[in-house]
file query-v4.pdb (PDB, C-alpha atoms)
ATOM      1  CA  MET A   1     -33.156   0.990 -33.085  1.00  0.00           C
ATOM      2  CA  LYS A   2     -35.841  -0.459 -30.806  1.00  0.00           C
ATOM      3  CA  TYR A   3     -33.725  -3.526 -30.093  1.00  0.00           C
ATOM      4  CA  VAL A   4     -30.767  -1.350 -29.106  1.00  0.00           C
ATOM      5  CA  PHE A   5     -32.874   0.178 -26.326  1.00  0.00           C
ATOM      6  CA  TYR A   6     -34.169  -3.284 -25.427  1.00  0.00           C
ATOM      7  CA  VAL A   7     -30.615  -4.553 -24.818  1.00  0.00           C
ATOM      8  CA  LEU A   8     -29.549  -1.271 -23.190  1.00  0.00           C
ATOM      9  CA  GLY A   9     -32.508  -1.430 -20.800  1.00  0.00           C
ATOM     10  CA  ILE A  10     -31.655  -4.981 -19.732  1.00  0.00           C
ATOM     11  CA  LEU A  11     -27.979  -4.068 -19.230  1.00  0.00           C
ATOM     12  CA  ILE A  12     -28.983  -1.145 -16.982  1.00  0.00           C
ATOM     13  CA  LEU A  13     -31.544  -3.265 -15.119  1.00  0.00           C
ATOM     14  CA  THR A  14     -29.152  -6.138 -14.417  1.00  0.00           C
ATOM     15  CA  LEU A  15     -26.387  -3.735 -13.357  1.00  0.00           C
ATOM     16  CA  GLY A  16     -28.848  -2.232 -10.881  1.00  0.00           C
ATOM     17  CA  ILE A  17     -29.804  -5.672  -9.542  1.00  0.00           C
ATOM     18  CA  SER A  18     -26.132  -6.551  -9.091  1.00  0.00           C
ATOM     19  CA  PHE A  19     -25.495  -3.272  -7.226  1.00  0.00           C
ATOM     20  CA  THR A  20     -28.309  -4.012  -4.759  1.00  0.00           C
ATOM     21  CA  ILE A  21     -27.051  -7.569  -4.204  1.00  0.00           C
ATOM     22  CA  GLN A  22     -23.487  -6.334  -3.642  1.00  0.00           C
ATOM     23  CA  SER A  23     -24.666  -3.641  -1.193  1.00  0.00           C
ATOM     24  CA  ASP A  24     -25.513  -6.384   1.325  1.00  0.00           C
ATOM     25  CA  LEU A  25     -28.401  -4.265   2.640  1.00  0.00           C
ATOM     26  CA  GLY A  26     -31.097  -6.498   1.184  1.00  0.00           C
ATOM     27  CA  THR A  27     -32.355  -6.790  -2.371  1.00  0.00           C
ATOM     28  CA  SER A  28     -35.782  -6.641  -3.965  1.00  0.00           C
ATOM     29  CA  PRO A  29     -38.028  -9.527  -2.797  1.00  0.00           C
ATOM     30  CA  PHE A  30     -37.740 -11.223  -6.204  1.00  0.00           C
ATOM     31  CA  ASP A  31     -33.936 -10.999  -6.269  1.00  0.00           C
ATOM     32  CA  ALA A  32     -33.798 -12.041  -2.601  1.00  0.00           C
ATOM     33  CA  LEU A  33     -35.689 -15.186  -3.603  1.00  0.00           C
ATOM     34  CA  LEU A  34     -33.188 -15.857  -6.415  1.00  0.00           C
ATOM     35  CA  VAL A  35     -30.197 -15.389  -4.094  1.00  0.00           C
ATOM     36  CA  GLY A  36     -31.843 -17.523  -1.386  1.00  0.00           C
ATOM     37  CA  LEU A  37     -32.460 -20.342  -3.858  1.00  0.00           C
ATOM     38  CA  SER A  38     -28.894 -20.045  -5.162  1.00  0.00           C
ATOM     39  CA  ILE A  39     -27.401 -20.312  -1.656  1.00  0.00           C
ATOM     40  CA  ASN A  40     -29.691 -22.994  -0.265  1.00  0.00           C
ATOM     41  CA  VAL A  41     -30.457 -25.123  -3.332  1.00  0.00           C
ATOM     42  CA  GLY A  42     -27.570 -24.477  -5.719  1.00  0.00           C
ATOM     43  CA  LEU A  43     -27.022 -23.027  -9.222  1.00  0.00           C
ATOM     44  CA  THR A  44     -26.276 -19.347  -9.917  1.00  0.00           C
ATOM     45  CA  VAL A  45     -28.574 -16.376  -9.325  1.00  0.00           C
ATOM     46  CA  GLY A  46     -28.939 -15.991 -13.100  1.00  0.00           C
ATOM     47  CA  SER A  47     -29.939 -19.640 -13.495  1.00  0.00           C
ATOM     48  CA  TRP A  48     -32.793 -19.207 -11.016  1.00  0.00           C
ATOM     49  CA  GLU A  49     -33.875 -16.087 -12.900  1.00  0.00           C
ATOM     50  CA  ILE A  50     -34.479 -18.314 -15.942  1.00  0.00           C
ATOM     51  CA  ILE A  51     -36.203 -21.114 -13.985  1.00  0.00           C
ATOM     52  CA  ILE A  52     -38.586 -18.761 -12.131  1.00  0.00           C
ATOM     53  CA  ALA A  53     -39.266 -16.977 -15.425  1.00  0.00           C
ATOM     54  CA  LEU A  54     -40.453 -20.235 -16.974  1.00  0.00           C
ATOM     55  CA  ILE A  55     -42.910 -20.726 -14.084  1.00  0.00           C
ATOM     56  CA  LEU A  56     -44.156 -17.126 -14.350  1.00  0.00           C
ATOM     57  CA  ILE A  57     -44.686 -17.453 -18.107  1.00  0.00           C
ATOM     58  CA  CYS A  58     -47.143 -20.270 -17.382  1.00  0.00           C
ATOM     59  CA  CYS A  59     -48.879 -18.174 -14.691  1.00  0.00           C
ATOM     60  CA  ASN A  60     -49.156 -15.179 -17.021  1.00  0.00           C
ATOM     61  CA  SER A  61     -50.596 -17.396 -19.747  1.00  0.00           C
ATOM     62  CA  ILE A  62     -53.323 -18.602 -17.369  1.00  0.00           C
ATOM     63  CA  LEU A  63     -54.151 -15.066 -16.163  1.00  0.00           C
ATOM     64  CA  LYS A  64     -54.371 -13.690 -19.719  1.00  0.00           C
ATOM     65  CA  ARG A  65     -55.960 -16.865 -21.109  1.00  0.00           C
ATOM     66  CA  GLN A  66     -53.651 -16.877 -24.084  1.00  0.00           C
ATOM     67  CA  ARG A  67     -50.632 -18.736 -25.400  1.00  0.00           C
ATOM     68  CA  PRO A  68     -47.448 -18.560 -23.294  1.00  0.00           C
ATOM     69  CA  GLU A  69     -45.141 -15.680 -24.265  1.00  0.00           C
ATOM     70  CA  VAL A  70     -42.103 -17.792 -25.027  1.00  0.00           C
ATOM     71  CA  LEU A  71     -40.080 -14.714 -26.026  1.00  0.00           C
ATOM     72  CA  GLY A  72     -40.189 -13.693 -22.356  1.00  0.00           C
ATOM     73  CA  LEU A  73     -37.885 -16.645 -21.690  1.00  0.00           C
ATOM     74  CA  LEU A  74     -35.352 -15.121 -24.098  1.00  0.00           C
ATOM     75  CA  THR A  75     -35.359 -11.906 -22.070  1.00  0.00           C
ATOM     76  CA  ALA A  76     -35.037 -13.879 -18.826  1.00  0.00           C
ATOM     77  CA  PHE A  77     -32.122 -15.827 -20.337  1.00  0.00           C
ATOM     78  CA  ILE A  78     -30.314 -12.616 -21.335  1.00  0.00           C
ATOM     79  CA  THR A  79     -31.115 -11.107 -17.933  1.00  0.00           C
ATOM     80  CA  GLY A  80     -29.809 -14.154 -16.077  1.00  0.00           C
ATOM     81  CA  ILE A  81     -26.520 -14.141 -18.000  1.00  0.00           C
ATOM     82  CA  ASN A  82     -26.052 -10.403 -17.409  1.00  0.00           C
ATOM     83  CA  ILE A  83     -26.760 -10.676 -13.670  1.00  0.00           C
ATOM     84  CA  ASP A  84     -24.073 -13.345 -13.303  1.00  0.00           C
ATOM     85  CA  MET A  85     -21.709 -11.265 -15.462  1.00  0.00           C
ATOM     86  CA  TRP A  86     -22.215  -8.040 -13.448  1.00  0.00           C
ATOM     87  CA  LEU A  87     -21.941  -9.891 -10.115  1.00  0.00           C
ATOM     88  CA  PHE A  88     -18.640 -11.409 -11.250  1.00  0.00           C
ATOM     89  CA  LEU A  89     -17.258  -8.047 -12.427  1.00  0.00           C
ATOM     90  CA  LEU A  90     -18.436  -6.052  -9.393  1.00  0.00           C
ATOM     91  CA  HIS A  91     -17.148  -8.667  -6.971  1.00  0.00           C
ATOM     92  CA  ASN A  92     -13.691  -8.509  -8.556  1.00  0.00           C
ATOM     93  CA  LEU A  93     -13.628  -4.715  -8.934  1.00  0.00           C
ATOM     94  CA  MET A  94     -15.017  -3.546  -5.610  1.00  0.00           C
ATOM     95  CA  THR A  95     -17.145  -4.733  -2.707  1.00  0.00           C
ATOM     96  CA  PRO A  96     -18.527  -2.072  -0.340  1.00  0.00           C
ATOM     97  CA  GLU A  97     -17.553  -2.603   3.297  1.00  0.00           C
ATOM     98  CA  LEU A  98     -18.390   0.685   5.047  1.00  0.00           C
ATOM     99  CA  TRP A  99     -22.066   1.386   5.757  1.00  0.00           C
ATOM    100  CA  TYR A 100     -22.220   4.590   3.720  1.00  0.00           C
ATOM    101  CA  SER A 101     -20.650   2.919   0.672  1.00  0.00           C
ATOM    102  CA  LYS A 102     -23.265   0.170   0.976  1.00  0.00           C
ATOM    103  CA  VAL A 103     -26.016   2.800   1.062  1.00  0.00           C
ATOM    104  CA  VAL A 104     -24.579   4.453  -2.057  1.00  0.00           C
ATOM    105  CA  TYR A 105     -24.375   1.070  -3.817  1.00  0.00           C
ATOM    106  CA  PHE A 106     -27.959   0.277  -2.918  1.00  0.00           C
ATOM    107  CA  GLY A 107     -29.261   3.722  -3.928  1.00  0.00           C
ATOM    108  CA  ILE A 108     -27.553   3.531  -7.322  1.00  0.00           C
ATOM    109  CA  GLY A 109     -28.896   0.008  -7.822  1.00  0.00           C
ATOM    110  CA  LEU A 110     -32.480   0.969  -6.977  1.00  0.00           C
ATOM    111  CA  VAL A 111     -32.485   3.853  -9.473  1.00  0.00           C
ATOM    112  CA  LEU A 112     -30.828   1.767 -12.208  1.00  0.00           C
ATOM    113  CA  VAL A 113     -33.404  -1.023 -11.773  1.00  0.00           C
ATOM    114  CA  GLY A 114     -36.255   1.447 -12.270  1.00  0.00           C
ATOM    115  CA  LEU A 115     -34.602   3.154 -15.242  1.00  0.00           C
ATOM    116  CA  GLY A 116     -33.583  -0.093 -16.925  1.00  0.00           C
ATOM    117  CA  THR A 117     -37.015  -1.679 -16.469  1.00  0.00           C
ATOM    118  CA  ALA A 118     -38.839   1.367 -17.818  1.00  0.00           C
ATOM    119  CA  THR A 119     -36.441   1.584 -20.795  1.00  0.00           C
ATOM    120  CA  TYR A 120     -36.771  -1.981 -22.038  1.00  0.00           C
ATOM    121  CA  LEU A 121     -40.509  -2.219 -21.261  1.00  0.00           C
ATOM    122  CA  HIS A 122     -41.249   0.663 -23.638  1.00  0.00           C
ATOM    123  CA  THR A 123     -39.686  -1.256 -26.529  1.00  0.00           C
ATOM    124  CA  ASN A 124     -42.660  -3.626 -26.061  1.00  0.00           C
ATOM    125  CA  PHE A 125     -40.505  -6.603 -26.957  1.00  0.00           C
ATOM    126  CA  ALA A 126     -40.508  -9.745 -24.796  1.00  0.00           C
ATOM    127  CA  PRO A 127     -40.832  -8.356 -21.252  1.00  0.00           C
ATOM    128  CA  ILE A 128     -39.321 -10.340 -18.369  1.00  0.00           C
ATOM    129  CA  PRO A 129     -42.204 -12.496 -17.059  1.00  0.00           C
ATOM    130  CA  ILE A 130     -42.304 -10.702 -13.676  1.00  0.00           C
ATOM    131  CA  ASP A 131     -42.624  -7.353 -15.457  1.00  0.00           C
ATOM    132  CA  ARG A 132     -45.331  -8.770 -17.726  1.00  0.00           C
ATOM    133  CA  LEU A 133     -47.098  -9.970 -14.569  1.00  0.00           C
ATOM    134  CA  THR A 134     -46.867  -6.403 -13.213  1.00  0.00           C
ATOM    135  CA  LEU A 135     -48.598  -5.087 -16.351  1.00  0.00           C
ATOM    136  CA  ILE A 136     -51.211  -7.877 -16.259  1.00  0.00           C
ATOM    137  CA  ILE A 137     -52.123  -7.162 -12.624  1.00  0.00           C
ATOM    138  CA  GLN A 138     -52.250  -3.436 -13.409  1.00  0.00           C
ATOM    139  CA  GLU A 139     -54.687  -4.190 -16.237  1.00  0.00           C
ATOM    140  CA  LEU A 140     -56.825  -6.659 -14.250  1.00  0.00           C
ATOM    141  CA  THR A 141     -57.075  -4.453 -11.143  1.00  0.00           C
ATOM    142  CA  ARG A 142     -57.335  -1.224 -13.180  1.00  0.00           C
ATOM    143  CA  THR A 143     -54.779   0.472 -10.960  1.00  0.00           C
ATOM    144  CA  ASN A 144     -51.295   1.906 -11.575  1.00  0.00           C
ATOM    145  CA  ILE A 145     -47.801   0.442 -11.802  1.00  0.00           C
ATOM    146  CA  PHE A 146     -47.067   1.363  -8.185  1.00  0.00           C
ATOM    147  CA  PHE A 147     -49.913  -0.768  -6.787  1.00  0.00           C
ATOM    148  CA  SER A 148     -49.309  -3.820  -8.983  1.00  0.00           C
ATOM    149  CA  ARG A 149     -45.527  -3.743  -8.444  1.00  0.00           C
ATOM    150  CA  THR A 150     -45.902  -3.406  -4.664  1.00  0.00           C
ATOM    151  CA  PHE A 151     -48.397  -6.292  -4.560  1.00  0.00           C
ATOM    152  CA  ILE A 152     -45.988  -8.575  -6.447  1.00  0.00           C
ATOM    153  CA  TYR A 153     -43.099  -7.519  -4.209  1.00  0.00           C
ATOM    154  CA  LEU A 154     -45.078  -8.502  -1.098  1.00  0.00           C
ATOM    155  CA  VAL A 155     -45.823 -11.967  -2.536  1.00  0.00           C
ATOM    156  CA  PHE A 156     -42.166 -12.590  -3.385  1.00  0.00           C
ATOM    157  CA  LEU A 157     -41.107 -11.174  -0.005  1.00  0.00           C
ATOM    158  CA  ILE A 158     -42.942 -14.027   1.719  1.00  0.00           C
ATOM    159  CA  MET A 159     -41.311 -16.555  -0.616  1.00  0.00           C
ATOM    160  CA  ALA A 160     -37.858 -15.017  -0.066  1.00  0.00           C
ATOM    161  CA  MET A 161     -38.307 -15.331   3.694  1.00  0.00           C
ATOM    162  CA  ILE A 162     -39.089 -19.040   3.282  1.00  0.00           C
ATOM    163  CA  PHE A 163     -35.804 -19.597   1.391  1.00  0.00           C
ATOM    164  CA  ASN A 164     -33.758 -17.333   3.717  1.00  0.00           C
ATOM    165  CA  GLY A 165     -32.941 -14.800   1.011  1.00  0.00           C
ATOM    166  CA  PRO A 166     -30.929 -11.623   1.781  1.00  0.00           C
ATOM    167  CA  ILE A 167     -33.754  -9.589   3.313  1.00  0.00           C
ATOM    168  CA  GLY A 168     -32.856  -6.332   5.046  1.00  0.00           C
ATOM    169  CA  VAL A 169     -33.623  -2.642   5.176  1.00  0.00           C
ATOM    170  CA  GLY A 170     -32.944  -2.523   1.432  1.00  0.00           C
ATOM    171  CA  THR A 171     -35.760  -4.996   0.834  1.00  0.00           C
ATOM    172  CA  LEU A 172     -38.197  -2.781   2.738  1.00  0.00           C
ATOM    173  CA  LEU A 173     -37.027   0.264   0.774  1.00  0.00           C
ATOM    174  CA  THR A 174     -37.470  -1.629  -2.498  1.00  0.00           C
ATOM    175  CA  VAL A 175     -41.036  -2.613  -1.588  1.00  0.00           C
ATOM    176  CA  CYS A 176     -41.848   0.994  -0.640  1.00  0.00           C
ATOM    177  CA  LEU A 177     -39.908   2.814  -3.371  1.00  0.00           C
ATOM    178  CA  GLY A 178     -39.459   0.323  -6.233  1.00  0.00           C
ATOM    179  CA  GLY A 179     -42.957   0.863  -7.621  1.00  0.00           C
ATOM    180  CA  LEU A 180     -42.717   4.634  -7.210  1.00  0.00           C
ATOM    181  CA  ILE A 181     -39.374   4.818  -9.019  1.00  0.00           C
ATOM    182  CA  LEU A 182     -40.678   2.670 -11.893  1.00  0.00           C
ATOM    183  CA  ASN A 183     -43.856   4.768 -12.016  1.00  0.00           C
ATOM    184  CA  TYR A 184     -41.675   7.899 -12.227  1.00  0.00           C
ATOM    185  CA  PHE A 185     -39.435   6.618 -15.029  1.00  0.00           C
ATOM    186  CA  MET A 186     -42.222   5.102 -17.197  1.00  0.00           C
ATOM    187  CA  PRO A 187     -43.562   8.407 -18.652  1.00  0.00           C
ATOM    188  CA  PHE A 188     -40.029   9.848 -18.836  1.00  0.00           C
ATOM    189  CA  THR A 189     -38.596   6.954 -20.867  1.00  0.00           C
ATOM    190  CA  GLU A 190     -41.748   6.795 -22.992  1.00  0.00           C
ATOM    191  CA  LYS A 191     -41.335  10.442 -23.989  1.00  0.00           C
ATOM    192  CA  VAL A 192     -37.601  10.118 -24.715  1.00  0.00           C
ATOM    193  CA  LEU A 193     -37.783   6.780 -26.570  1.00  0.00           C
ATOM    194  CA  ASP A 194     -40.826   7.787 -28.636  1.00  0.00           C
ATOM    195  CA  HIS A 195     -38.993  10.933 -29.709  1.00  0.00           C
ATOM    196  CA  ILE A 196     -35.812   9.047 -30.651  1.00  0.00           C
ATOM    197  CA  LEU A 197     -37.595   6.132 -32.359  1.00  0.00           C
ATOM    198  CA  THR A 198     -39.907   8.459 -34.289  1.00  0.00           C
ATOM    199  CA  HIS A 199     -36.960  10.584 -35.395  1.00  0.00           C
ATOM    200  CA  SER A 200     -34.911   7.549 -36.475  1.00  0.00           C
ATOM    201  CA  SER A 201     -37.820   6.068 -38.438  1.00  0.00           C
ATOM    202  CA  THR A 202     -38.610   9.287 -40.303  1.00  0.00           C
ATOM    203  CA  SER A 203     -35.031  10.331 -41.039  1.00  0.00           C
ATOM    204  CA  PRO A 204     -34.441   7.889 -43.939  1.00  0.00           C
ATOM    205  CA  ASN A 205     -37.665   9.033 -45.615  1.00  0.00           C
ATOM    206  CA  ASP A 206     -36.685  12.667 -45.174  1.00  0.00           C
ATOM    207  CA  ASP A 207     -33.336  11.966 -46.837  1.00  0.00           C
ATOM    208  CA  LYS A 208     -35.083  10.256 -49.753  1.00  0.00           C
ATOM    209  CA  ASP A 209     -37.448  13.219 -50.176  1.00  0.00           C
ATOM    210  CA  LYS A 210     -34.496  15.587 -50.233  1.00  0.00           C
ATOM    211  CA  LYS A 211     -32.775  13.475 -52.923  1.00  0.00           C
ATOM    212  CA  HIS A 212     -35.942  13.403 -55.017  1.00  0.00           C
ATOM    213  CA  SER A 213     -36.364  17.158 -54.729  1.00  0.00           C
ATOM    214  CA  ILE A 214     -32.760  17.676 -55.873  1.00  0.00           C
TER     215      ILE A 214
END
call {"tool": "encode", "arguments": {"input": "query-v4.pdb", "output": "structure tokens"}}
result
Amino acid sequence: MKYVFYVLGILILTLGISFTIQSDLGTSPFDALLVGLSINVGLTVGSWEIIIALILICCNSILKRQRPEVLGLLTAFITGINIDMWLFLLHNLMTPELWYSKVVYFGIGLVLVGLGTATYLHTNFAPIPIDRLTLIIQELTRTNIFFSRTFIYLVFLIMAMIFNGPIGVGTLLTVCLGGLILNYFMPFTEKVLDHILTHSSTSPNDDKDKKHSI
């Protein structure tokens, strides 16, 4: 059951990322870097997700002074494939042209990114390296998700500017609101997932007890 939520979380997250990219209002600093690299260097956005993830895995390993979390590359690989898939589907289905439709696209994307990230993170299975870095910085600085996420966004914002990524008002909103939205969804998804996972794990035992009592 845990792995179902893991996949579901990534699907929601990548759909949200694709919505923000399609809005053309500016994406998160990290995604802006991926798009900038894709346009100026080559390869797809999803491919750069995997390459940057490999670099971050090494950085996280150094910060935590432990072996690299290779499973994080699996998550990045799945994420990269899904981003390219959603971008392909959304581009063929609809592309917002009016300013208010772009705002709606971006707003939906921002919420989905927060919800999807919070959902798959609570499964505690192979976080995307940038999300693991968020948790590591939170632990090292003894602050909250909002601070660590905003700090990382600012670092990637500088890098995205270097590679001429799609930076706009949406990027500023992501830096200001992305951490808050994730911070909001974390306790919510934890409560819901813990309830569902606990219920699913105890149900088979309850059924066995009932059979024994009969």
call {"tool": "closest_residue", "arguments": {"input": "query-v4.pdb", "among": "A:Gly42, A:Gly107, A:Gly9, A:Gly16", "to": "Phe163 (chain A)", "atoms": "all atoms listed in the file"}}
result
A:Gly42
call {"tool": "resolve_selection", "arguments": {"input": "query-v4.pdb", "expression": "the PyMOL selection byres ((chain A and resi 48) around 12)", "output": "PyMOL selection string"}}
result
chain A and resi 30-47+49-55+76-77+79-81+83-84
call {"tool": "residues_around", "arguments": {"input": "query-v4.pdb", "residues": "region 23-25 of chain A", "least_positions_apart": "4", "cutoff": "7 Å", "atoms": "only C-alpha atoms", "output": "ChimeraX atom specification"}}
result
/A:19,96,102-103,105-106,168-170
call {"tool": "write_last_selection", "arguments": {"input": "query-v4.pdb", "atoms": "C-alpha atoms", "output": "short mmCIF file (atom, residue, chain, number, x, y, z; two decimals), in the coordinates of the input"}}
result
data_model
loop_
_atom_site.label_atom_id
_atom_site.label_comp_id
_atom_site.auth_asym_id
_atom_site.auth_seq_id
_atom_site.Cartn_x
_atom_site.Cartn_y
_atom_site.Cartn_z
CA PHE A 19 -25.50 -3.27 -7.23
CA PRO A 96 -18.53 -2.07 -0.34
CA LYS A 102 -23.26 0.17 0.98
CA VAL A 103 -26.02 2.80 1.06
CA TYR A 105 -24.38 1.07 -3.82
CA PHE A 106 -27.96 0.28 -2.92
CA GLY A 168 -32.86 -6.33 5.05
CA VAL A 169 -33.62 -2.64 5.18
CA GLY A 170 -32.94 -2.52 1.43
#
call {"tool": "resolve_selection", "arguments": {"input": "query-v4.pdb", "expression": "the PyMOL selection byres ((chain A and resi 121-129) around 9)", "output": "ChimeraX atom specification"}}
result
/A:2-3,5-6,9,52-57,60,69-76,79,116-120,130-134,186,189-190,193-194
call {"tool": "resolve_selection", "arguments": {"input": "query-v4.pdb", "expression": "the PyMOL selection byres ((chain A and resi 144) around 12)", "output": "list in words"}}
result
Thr134, Leu135, Ile136, Ile137, Gln138, Glu139, Leu140, Thr141, Arg142, Thr143, Ile145, Phe146, Phe147, Ser148, Arg149, Thr150, Phe151, Gly179, Leu180, Leu182, Asn183, Tyr184 and Met186 of chain A
call {"tool": "write_last_selection", "arguments": {"input": "query-v4.pdb", "atoms": "C-alpha atoms", "output": "PDB file, in the coordinates of the input"}}
result
ATOM      1  CA  THR A 134     -46.867  -6.403 -13.213  1.00  0.00           C
ATOM      2  CA  LEU A 135     -48.598  -5.087 -16.351  1.00  0.00           C
ATOM      3  CA  ILE A 136     -51.211  -7.877 -16.259  1.00  0.00           C
ATOM      4  CA  ILE A 137     -52.123  -7.162 -12.624  1.00  0.00           C
ATOM      5  CA  GLN A 138     -52.250  -3.436 -13.409  1.00  0.00           C
ATOM      6  CA  GLU A 139     -54.687  -4.190 -16.237  1.00  0.00           C
ATOM      7  CA  LEU A 140     -56.825  -6.659 -14.250  1.00  0.00           C
ATOM      8  CA  THR A 141     -57.075  -4.453 -11.143  1.00  0.00           C
ATOM      9  CA  ARG A 142     -57.335  -1.224 -13.180  1.00  0.00           C
ATOM     10  CA  THR A 143     -54.779   0.472 -10.960  1.00  0.00           C
ATOM     11  CA  ILE A 145     -47.801   0.442 -11.802  1.00  0.00           C
ATOM     12  CA  PHE A 146     -47.067   1.363  -8.185  1.00  0.00           C
ATOM     13  CA  PHE A 147     -49.913  -0.768  -6.787  1.00  0.00           C
ATOM     14  CA  SER A 148     -49.309  -3.820  -8.983  1.00  0.00           C
ATOM     15  CA  ARG A 149     -45.527  -3.743  -8.444  1.00  0.00           C
ATOM     16  CA  THR A 150     -45.902  -3.406  -4.664  1.00  0.00           C
ATOM     17  CA  PHE A 151     -48.397  -6.292  -4.560  1.00  0.00           C
ATOM     18  CA  GLY A 179     -42.957   0.863  -7.621  1.00  0.00           C
ATOM     19  CA  LEU A 180     -42.717   4.634  -7.210  1.00  0.00           C
ATOM     20  CA  LEU A 182     -40.678   2.670 -11.893  1.00  0.00           C
ATOM     21  CA  ASN A 183     -43.856   4.768 -12.016  1.00  0.00           C
ATOM     22  CA  TYR A 184     -41.675   7.899 -12.227  1.00  0.00           C
ATOM     23  CA  MET A 186     -42.222   5.102 -17.197  1.00  0.00           C
TER      24      MET A 186
END
call {"tool": "closest_residue", "arguments": {"input": "query-v4.pdb", "among": "A:Val4, A:Leu15, A:Thr27, A:Ile196", "to": "Leu157 (chain A)", "atoms": "only C-alpha atoms"}}
result
A:Thr27
call {"tool": "atom_distance", "arguments": {"input": "query-v4.pdb", "atom1": "CA of Gly109 (chain A)", "atom2": "CA of Ile17 (chain A)"}}
result
6.0 Å
call {"tool": "atom_distance", "arguments": {"input": "query-v4.pdb", "atom1": "CA of Val7 (chain A)", "atom2": "CA of Pro187 (chain A)"}}
result
19.3 Å
call {"tool": "atom_distance", "arguments": {"input": "query-v4.pdb", "atom1": "CA of Ser28 (chain A)", "atom2": "CA of Arg67 (chain A)"}}
result
28.7 Å
call {"tool": "closest_residue", "arguments": {"input": "query-v4.pdb", "among": "A:Gly178, A:Pro68, A:Pro29, A:Gly114", "to": "Ala160 (chain A)", "atoms": "only C-alpha atoms"}}
result
A:Pro29
call {"tool": "axis_aligned_box", "arguments": {"input": "query-v4.pdb", "around": "region 80-88 of chain A", "padding_each_side": "5 Å", "output": "AutoDock Vina command-line options"}}
result
--center_x -24.2 --center_y -11.1 --center_z -14.1 --size_x 21.2 --size_y 16.1 --size_z 17.9
call {"tool": "decode", "arguments": {"input": "query-v4.pdb", "residues": "region 97-132 of chain A", "atoms": "C-alpha atoms", "output": "PDB file, in the first residue's frame"}}
result
ATOM      1  CA  GLU A  97      -2.833  31.572 -23.982  1.00  0.00           C
ATOM      2  CA  LEU A  98      -4.905  34.106 -22.019  1.00  0.00           C
ATOM      3  CA  TRP A  99      -3.335  35.562 -18.868  1.00  0.00           C
ATOM      4  CA  TYR A 100      -6.045  34.322 -16.511  1.00  0.00           C
ATOM      5  CA  SER A 101      -5.823  30.765 -17.868  1.00  0.00           C
ATOM      6  CA  LYS A 102      -2.062  30.905 -17.299  1.00  0.00           C
ATOM      7  CA  VAL A 103      -2.650  32.020 -13.707  1.00  0.00           C
ATOM      8  CA  VAL A 104      -5.082  29.135 -13.174  1.00  0.00           C
ATOM      9  CA  TYR A 105      -2.574  26.677 -14.676  1.00  0.00           C
ATOM     10  CA  PHE A 106       0.184  27.977 -12.442  1.00  0.00           C
ATOM     11  CA  GLY A 107      -1.986  27.970  -9.300  1.00  0.00           C
ATOM     12  CA  ILE A 108      -3.085  24.376  -9.892  1.00  0.00           C
ATOM     13  CA  GLY A 109       0.522  23.361 -10.549  1.00  0.00           C
ATOM     14  CA  LEU A 110       1.837  24.987  -7.371  1.00  0.00           C
ATOM     15  CA  VAL A 111      -0.734  23.211  -5.183  1.00  0.00           C
ATOM     16  CA  LEU A 112      -0.195  19.850  -6.913  1.00  0.00           C
ATOM     17  CA  VAL A 113       3.589  20.101  -6.431  1.00  0.00           C
ATOM     18  CA  GLY A 114       3.139  20.639  -2.692  1.00  0.00           C
ATOM     19  CA  LEU A 115       0.553  17.871  -2.342  1.00  0.00           C
ATOM     20  CA  GLY A 116       2.493  15.378  -4.449  1.00  0.00           C
ATOM     21  CA  THR A 117       5.777  16.053  -2.643  1.00  0.00           C
ATOM     22  CA  ALA A 118       4.202  15.723   0.797  1.00  0.00           C
ATOM     23  CA  THR A 119       2.414  12.502  -0.244  1.00  0.00           C
ATOM     24  CA  TYR A 120       5.416  10.592  -1.547  1.00  0.00           C
ATOM     25  CA  LEU A 121       7.797  11.919   1.137  1.00  0.00           C
ATOM     26  CA  HIS A 122       5.654  10.381   3.885  1.00  0.00           C
ATOM     27  CA  THR A 123       6.096   6.923   2.360  1.00  0.00           C
ATOM     28  CA  ASN A 124       9.764   7.364   3.377  1.00  0.00           C
ATOM     29  CA  PHE A 125      10.906   5.494   0.293  1.00  0.00           C
ATOM     30  CA  ALA A 126      13.664   6.894  -1.937  1.00  0.00           C
ATOM     31  CA  PRO A 127      13.009  10.657  -1.863  1.00  0.00           C
ATOM     32  CA  ILE A 128      14.021  12.745  -4.888  1.00  0.00           C
ATOM     33  CA  PRO A 129      17.533  14.026  -4.050  1.00  0.00           C
ATOM     34  CA  ILE A 130      16.405  17.684  -3.900  1.00  0.00           C
ATOM     35  CA  ASP A 131      13.692  16.749  -1.399  1.00  0.00           C
ATOM     36  CA  ARG A 132      16.197  14.718   0.623  1.00  0.00           C
TER      37      ARG A 132
END
